[in-house]
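S.K.: The following block contains the structure, expressed as structure tokens.
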Amino acid sequence: MTKQEGPSSPLPDDLDFDRWHDRKNTESIKWEFQVRDGQISPWDRTDADQGEERVLPMWVADMDFQVAKPIREAVQKRAAHGLYGYAYRSEDYLTSVAGWMSRRQGWHTDTTWIVPTPGVVPAIHLMVRRFTERGDKILIQRPVYHPFTYAAVNNDRVAVSNSLVLANGRYEMDFDDLREKTADPTVKLAVLCSPHNPVGRVWSMTELTQFAEICTQNDVLIVADEIHSDLIMPGVEFAAFGNLDDELLQNTIICTAPSKSFNLAGLQTSNLIIRNATLREGMQAELHATGLFTLNPFGLVATRAAYDESQYWLDKAIAYIDANLDLLETYIARHIPSLCLIRPQGTYLAWVDCRGVGLSTQALGSLMMDDAKVYLDEGHVFGVEGEGFMRFNVACPRSLLETALERIRTAVETHVG
């Protein structure tokens, strides 16, 4: 199934993406736990000793690739210091973040605009609490990353969907519906996902501008989640929200992090970029009110090493992921024609239309998990618009993807015909 320890690879360890790393006994959510009915519980079905009964996890959005060497060395050096007290962002840290946005995404970020946070998801929850009231509506664009919904409902707000439209194998925004939804005075905040998780769209500057203008005209605060913004596939250009007109940026909070790009999710380090001083001060006050005013010391040094020294690794990882997407697309077209890949322009998450299999939501989930023994994110968790779809995480060794596809092919042929 996977490339085990053997003769040394001609590639440096951090660029050998074919290599399988045993993640047992690392408390990995992806490899040592399962989520059912919203509850996380330990399980051992992904262990190597399960043999052919072993489940292949391709759900949680973290990579099965070793991080870049400069990141590993920076964390090891910090760990060797032996003192792990409270930490706070330095000017060097802020300069590193701002420099990356300039070099990688082509927009100027003043270091005073940066508000570090312990993860994008917690930050979105805090923004909902700070800038809206109970009973207010939060606009999202389903099918979309389900914690956006949780940020609303867990805080006694109402999630409303400006649902995306799938036409000719491509998702588009419904701007007429957006105008109608944002005209409701109880809609106070909109969460934009760019690149979009799970459908993989990289929105154009024209689309972003139209979205921002409609929200701003209706006094709806924009939260632009750009956590996947560095994971853009070859031939696609990312339009950074930070390059919009200043008037629109005054109504926007941009969420960034090295976590998806450099496989650092467990270090819980992210950054909000807030040009509007009033919004920025409000977010800083909310962080202090919640007691979240210090940061993970390992996350701080890892972020600097990622942004300052590890672009070479990211570029190689993107090329490998793109080749995995080629494999996924070709294999499905040749061997499982009842499935259809909505090829992502960004992210390492592949959105696959499984409606051609003709199974109910429950039966489709059982086919993948119980018959194929491949653990995927079921589309319905991203909203009713995702029913009949599956989300594949293809940031994994190619041999694992190949095995998963062979299992799915056999399961579909056996149970569907």
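Chain labels A, B, ... are given in the sequence in which chains occur in the structure tokens; within each chain residues are numbered consecutively from 1, and ligands are likewise numbered from 1 in the order shown.
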Skip region 338-344 of chain A itself and residues of its chain fewer than 5 positions away, then list as a short mmCIF file (atom, residue, chain, number, x, y, z; two decimals) with N, CA and C atoms, in the first residue's frame all residues within 10 Å of it, counting only C-alpha atoms.
M.R.:
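Result file follows (result.cif):
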```
data_model
loop_
_atom_site.label_atom_id
_atom_site.label_comp_id
_atom_site.auth_asym_id
_atom_site.auth_seq_id
_atom_site.Cartn_x
_atom_site.Cartn_y
_atom_site.Cartn_z
N LEU A 166 -23.55 24.96 -9.11
CA LEU A 166 -22.70 24.10 -9.92
C LEU A 166 -23.25 24.07 -11.34
N ASN A 168 -21.92 23.18 -15.36
CA ASN A 168 -20.89 22.71 -16.30
C ASN A 168 -19.58 22.38 -15.60
N GLY A 169 -19.71 21.73 -14.44
CA GLY A 169 -18.54 21.27 -13.71
C GLY A 169 -17.77 22.34 -13.00
N ARG A 170 -18.38 23.51 -12.78
CA ARG A 170 -17.70 24.62 -12.14
C ARG A 170 -18.68 25.33 -11.20
N TYR A 171 -18.22 25.65 -10.00
CA TYR A 171 -19.05 26.36 -9.04
C TYR A 171 -18.93 27.87 -9.25
N PRO A 195 -9.15 30.27 -1.29
CA PRO A 195 -9.88 29.33 -2.13
C PRO A 195 -10.95 28.60 -1.33
N HIS A 196 -11.98 28.17 -2.04
CA HIS A 196 -13.15 27.62 -1.37
C HIS A 196 -12.94 26.16 -0.97
N ASN A 197 -13.25 25.88 0.27
CA ASN A 197 -13.23 24.53 0.83
C ASN A 197 -14.68 24.11 1.06
N PRO A 198 -15.19 23.08 0.37
CA PRO A 198 -14.46 22.01 -0.31
C PRO A 198 -14.44 22.07 -1.84
N VAL A 199 -15.06 23.04 -2.50
CA VAL A 199 -15.23 22.90 -3.95
C VAL A 199 -13.99 23.32 -4.74
N GLY A 200 -13.01 23.97 -4.09
CA GLY A 200 -11.75 24.23 -4.73
C GLY A 200 -11.69 25.42 -5.66
N ARG A 201 -12.72 26.27 -5.69
CA ARG A 201 -12.67 27.44 -6.56
C ARG A 201 -11.71 28.48 -6.01
N VAL A 202 -10.95 29.08 -6.91
CA VAL A 202 -10.16 30.27 -6.61
C VAL A 202 -10.90 31.42 -7.25
N ILE A 232 -2.16 27.05 -4.42
CA ILE A 232 -2.79 27.33 -5.71
C ILE A 232 -2.15 26.44 -6.76
N MET A 233 -2.97 25.76 -7.54
CA MET A 233 -2.46 24.80 -8.49
C MET A 233 -1.82 25.50 -9.70
N ASP A 322 -0.60 18.35 -7.35
CA ASP A 322 -1.19 18.50 -8.68
C ASP A 322 -1.09 17.19 -9.46
N LEU A 325 -3.70 14.92 -8.23
CA LEU A 325 -5.00 15.28 -8.83
C LEU A 325 -5.10 14.74 -10.25
N ASP A 326 -3.99 14.77 -11.00
CA ASP A 326 -3.99 14.16 -12.33
C ASP A 326 -4.35 12.69 -12.25
N LEU A 328 -5.97 11.13 -9.81
CA LEU A 328 -7.36 10.99 -9.37
C LEU A 328 -8.31 11.20 -10.55
N GLU A 329 -8.08 12.26 -11.30
CA GLU A 329 -8.97 12.59 -12.42
C GLU A 329 -8.93 11.50 -13.50
N THR A 330 -7.74 11.06 -13.85
CA THR A 330 -7.60 10.04 -14.90
C THR A 330 -8.18 8.71 -14.47
N ILE A 332 -10.51 8.04 -12.18
CA ILE A 332 -11.97 8.09 -12.10
C ILE A 332 -12.59 8.03 -13.50
N ALA A 333 -12.03 8.81 -14.42
CA ALA A 333 -12.59 8.84 -15.77
C ALA A 333 -12.51 7.47 -16.45
N LEU A 349 -7.72 19.55 -1.47
CA LEU A 349 -8.97 18.84 -1.20
C LEU A 349 -9.75 18.68 -2.49
N ALA A 350 -10.06 17.44 -2.83
CA ALA A 350 -10.76 17.15 -4.08
C ALA A 350 -12.23 16.86 -3.81
N TRP A 351 -13.09 17.56 -4.50
CA TRP A 351 -14.55 17.45 -4.33
C TRP A 351 -15.06 16.54 -5.45
N VAL A 352 -15.58 15.38 -5.07
CA VAL A 352 -15.97 14.36 -6.05
C VAL A 352 -17.47 14.14 -6.01
N ASP A 353 -18.09 14.27 -7.17
CA ASP A 353 -19.53 14.06 -7.34
C ASP A 353 -19.79 12.56 -7.46
N CYS A 354 -20.47 12.00 -6.46
CA CYS A 354 -20.74 10.56 -6.44
C CYS A 354 -22.21 10.26 -6.70
N ARG A 355 -22.97 11.24 -7.14
CA ARG A 355 -24.40 11.04 -7.33
C ARG A 355 -24.70 10.02 -8.41
N GLY A 356 -23.75 9.84 -9.34
CA GLY A 356 -23.97 8.85 -10.39
C GLY A 356 -23.99 7.42 -9.90
N VAL A 357 -23.50 7.19 -8.68
CA VAL A 357 -23.54 5.84 -8.11
C VAL A 357 -24.98 5.47 -7.76
N GLY A 358 -25.83 6.46 -7.48
CA GLY A 358 -27.24 6.21 -7.24
C GLY A 358 -27.57 5.71 -5.86
N PHE A 389 -21.85 13.99 -2.56
CA PHE A 389 -20.45 14.27 -2.85
C PHE A 389 -19.57 13.70 -1.75
N MET A 390 -18.27 13.59 -2.04
CA MET A 390 -17.27 13.19 -1.07
C MET A 390 -16.05 14.11 -1.22
N ARG A 391 -15.40 14.43 -0.08
CA ARG A 391 -14.18 15.23 -0.13
C ARG A 391 -12.98 14.35 0.14
N PHE A 392 -12.03 14.34 -0.80
CA PHE A 392 -10.80 13.57 -0.70
C PHE A 392 -9.64 14.50 -0.34
N ARG A 409 -12.97 1.52 -6.54
CA ARG A 409 -13.41 0.92 -7.79
C ARG A 409 -14.04 -0.45 -7.53
N VAL A 412 -17.48 -0.06 -5.78
CA VAL A 412 -18.53 0.43 -6.67
C VAL A 412 -18.96 -0.69 -7.63
N VAL A 416 -22.65 -1.79 -6.90
CA VAL A 416 -23.50 -0.98 -7.78
C VAL A 416 -23.59 -1.60 -9.17
#
```
S.K.: Taking only residues of region 56-136 of chain A that have an atom at most 10 Å from an atom of region 279-285 of chain A, what is each one's shortest atom pair and its distance in Å to one decimal, using only C-alpha atoms, in chain and number order, as CSV?
M.R.:
```
residue,atom,partner,partner_atom,distance
A:Thr112,CA,A:Arg280,CA,9.4
A:Trp113,CA,A:Arg280,CA,7.3
A:Ile114,CA,A:Arg280,CA,8.5
A:Val115,CA,A:Gln284,CA,7.2
A:Pro116,CA,A:Gln284,CA,9.2
A:Thr117,CA,A:Gln284,CA,9.5
A:Ala123,CA,A:Met283,CA,8.8
A:Leu126,CA,A:Met283,CA,7.8
A:Met127,CA,A:Met283,CA,6.9
A:Arg129,CA,A:Met283,CA,9.9
A:Arg130,CA,A:Met283,CA,7.1
A:Phe131,CA,A:Gly282,CA,8.3
```
S.K.: List every residue of region 33-90 of chain A that DSSP, applied to the backbone, labels as helix (DSSP H, G or I), and write the result as a PyMOL selection string.
M.R.: chain A and resi 48-53+69-81
S.K.: Please produce an output containing N, CA and C atoms for each residue in the selection, written as a CSV table (one decimal), in the first residue's frame.
M.R.:
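In the end it all went to part_35.csv:
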```csv
chain,number,residue,atom,x,y,z
A,48,ALA,N,-1.4,-0.3,10.9
A,48,ALA,CA,-0.9,-1.2,9.9
A,48,ALA,C,-1.2,-2.6,10.2
A,49,ASP,N,-1.3,-3.0,11.4
A,49,ASP,CA,-1.5,-4.4,11.7
A,49,ASP,C,-2.9,-4.9,11.4
A,50,GLN,N,-3.8,-4.0,10.9
A,50,GLN,CA,-5.1,-4.4,10.5
A,50,GLN,C,-5.1,-5.1,9.1
A,51,GLY,N,-4.0,-5.0,8.4
A,51,GLY,CA,-3.8,-5.7,7.1
A,51,GLY,C,-4.8,-5.1,6.1
A,52,GLU,N,-5.5,-6.0,5.4
A,52,GLU,CA,-6.4,-5.6,4.4
A,52,GLU,C,-7.7,-4.9,4.9
A,53,GLU,N,-7.9,-5.1,6.2
A,53,GLU,CA,-9.0,-4.4,6.9
A,53,GLU,C,-8.7,-3.0,7.3
A,69,LYS,N,12.5,21.1,6.1
A,69,LYS,CA,13.7,21.0,7.0
A,69,LYS,C,13.9,22.3,7.9
A,70,PRO,N,13.8,23.5,7.3
A,70,PRO,CA,14.0,24.7,8.1
A,70,PRO,C,13.0,24.8,9.3
A,71,ILE,N,11.8,24.3,9.0
A,71,ILE,CA,10.8,24.4,10.1
A,71,ILE,C,11.1,23.4,11.2
A,72,ARG,N,11.5,22.2,10.8
A,72,ARG,CA,11.8,21.1,11.8
A,72,ARG,C,13.0,21.6,12.6
A,73,GLU,N,14.0,22.1,12.0
A,73,GLU,CA,15.2,22.5,12.7
A,73,GLU,C,14.9,23.7,13.6
A,74,ALA,N,14.0,24.6,13.2
A,74,ALA,CA,13.7,25.8,14.1
A,74,ALA,C,12.9,25.3,15.3
A,75,VAL,N,12.0,24.3,15.1
A,75,VAL,CA,11.3,23.8,16.3
A,75,VAL,C,12.2,23.0,17.2
A,76,GLN,N,13.1,22.2,16.6
A,76,GLN,CA,14.0,21.4,17.4
A,76,GLN,C,14.9,22.3,18.2
A,77,LYS,N,15.4,23.4,17.6
A,77,LYS,CA,16.3,24.4,18.3
A,77,LYS,C,15.5,25.0,19.5
A,78,ARG,N,14.3,25.4,19.2
A,78,ARG,CA,13.5,26.0,20.3
A,78,ARG,C,13.2,25.0,21.4
A,79,ALA,N,12.9,23.8,21.0
A,79,ALA,CA,12.7,22.7,22.1
A,79,ALA,C,13.9,22.5,22.9
A,80,ALA,N,15.1,22.5,22.2
A,80,ALA,CA,16.3,22.2,23.0
A,80,ALA,C,16.6,23.3,24.0
A,81,HIS,N,16.0,24.5,23.9
A,81,HIS,CA,16.3,25.5,24.9
A,81,HIS,C,15.8,25.1,26.2
```
S.K.: Measuring atom to atom with only C-alpha atoms, identify which of A:Trp100, A:Phe293, A:Lys137, A:Glu387 is nearest to Ala363 (chain A).
M.R.: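 The closest residue to Ala363 (chain A) is A:Glu387.
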S.K.: Go through A:Leu292, A:Leu11, A:Ala395, A:Ala61 and flag the residue nearest Ile29 (chain A), using only C-alpha atoms for the distances.
M.R.: A:Ala61
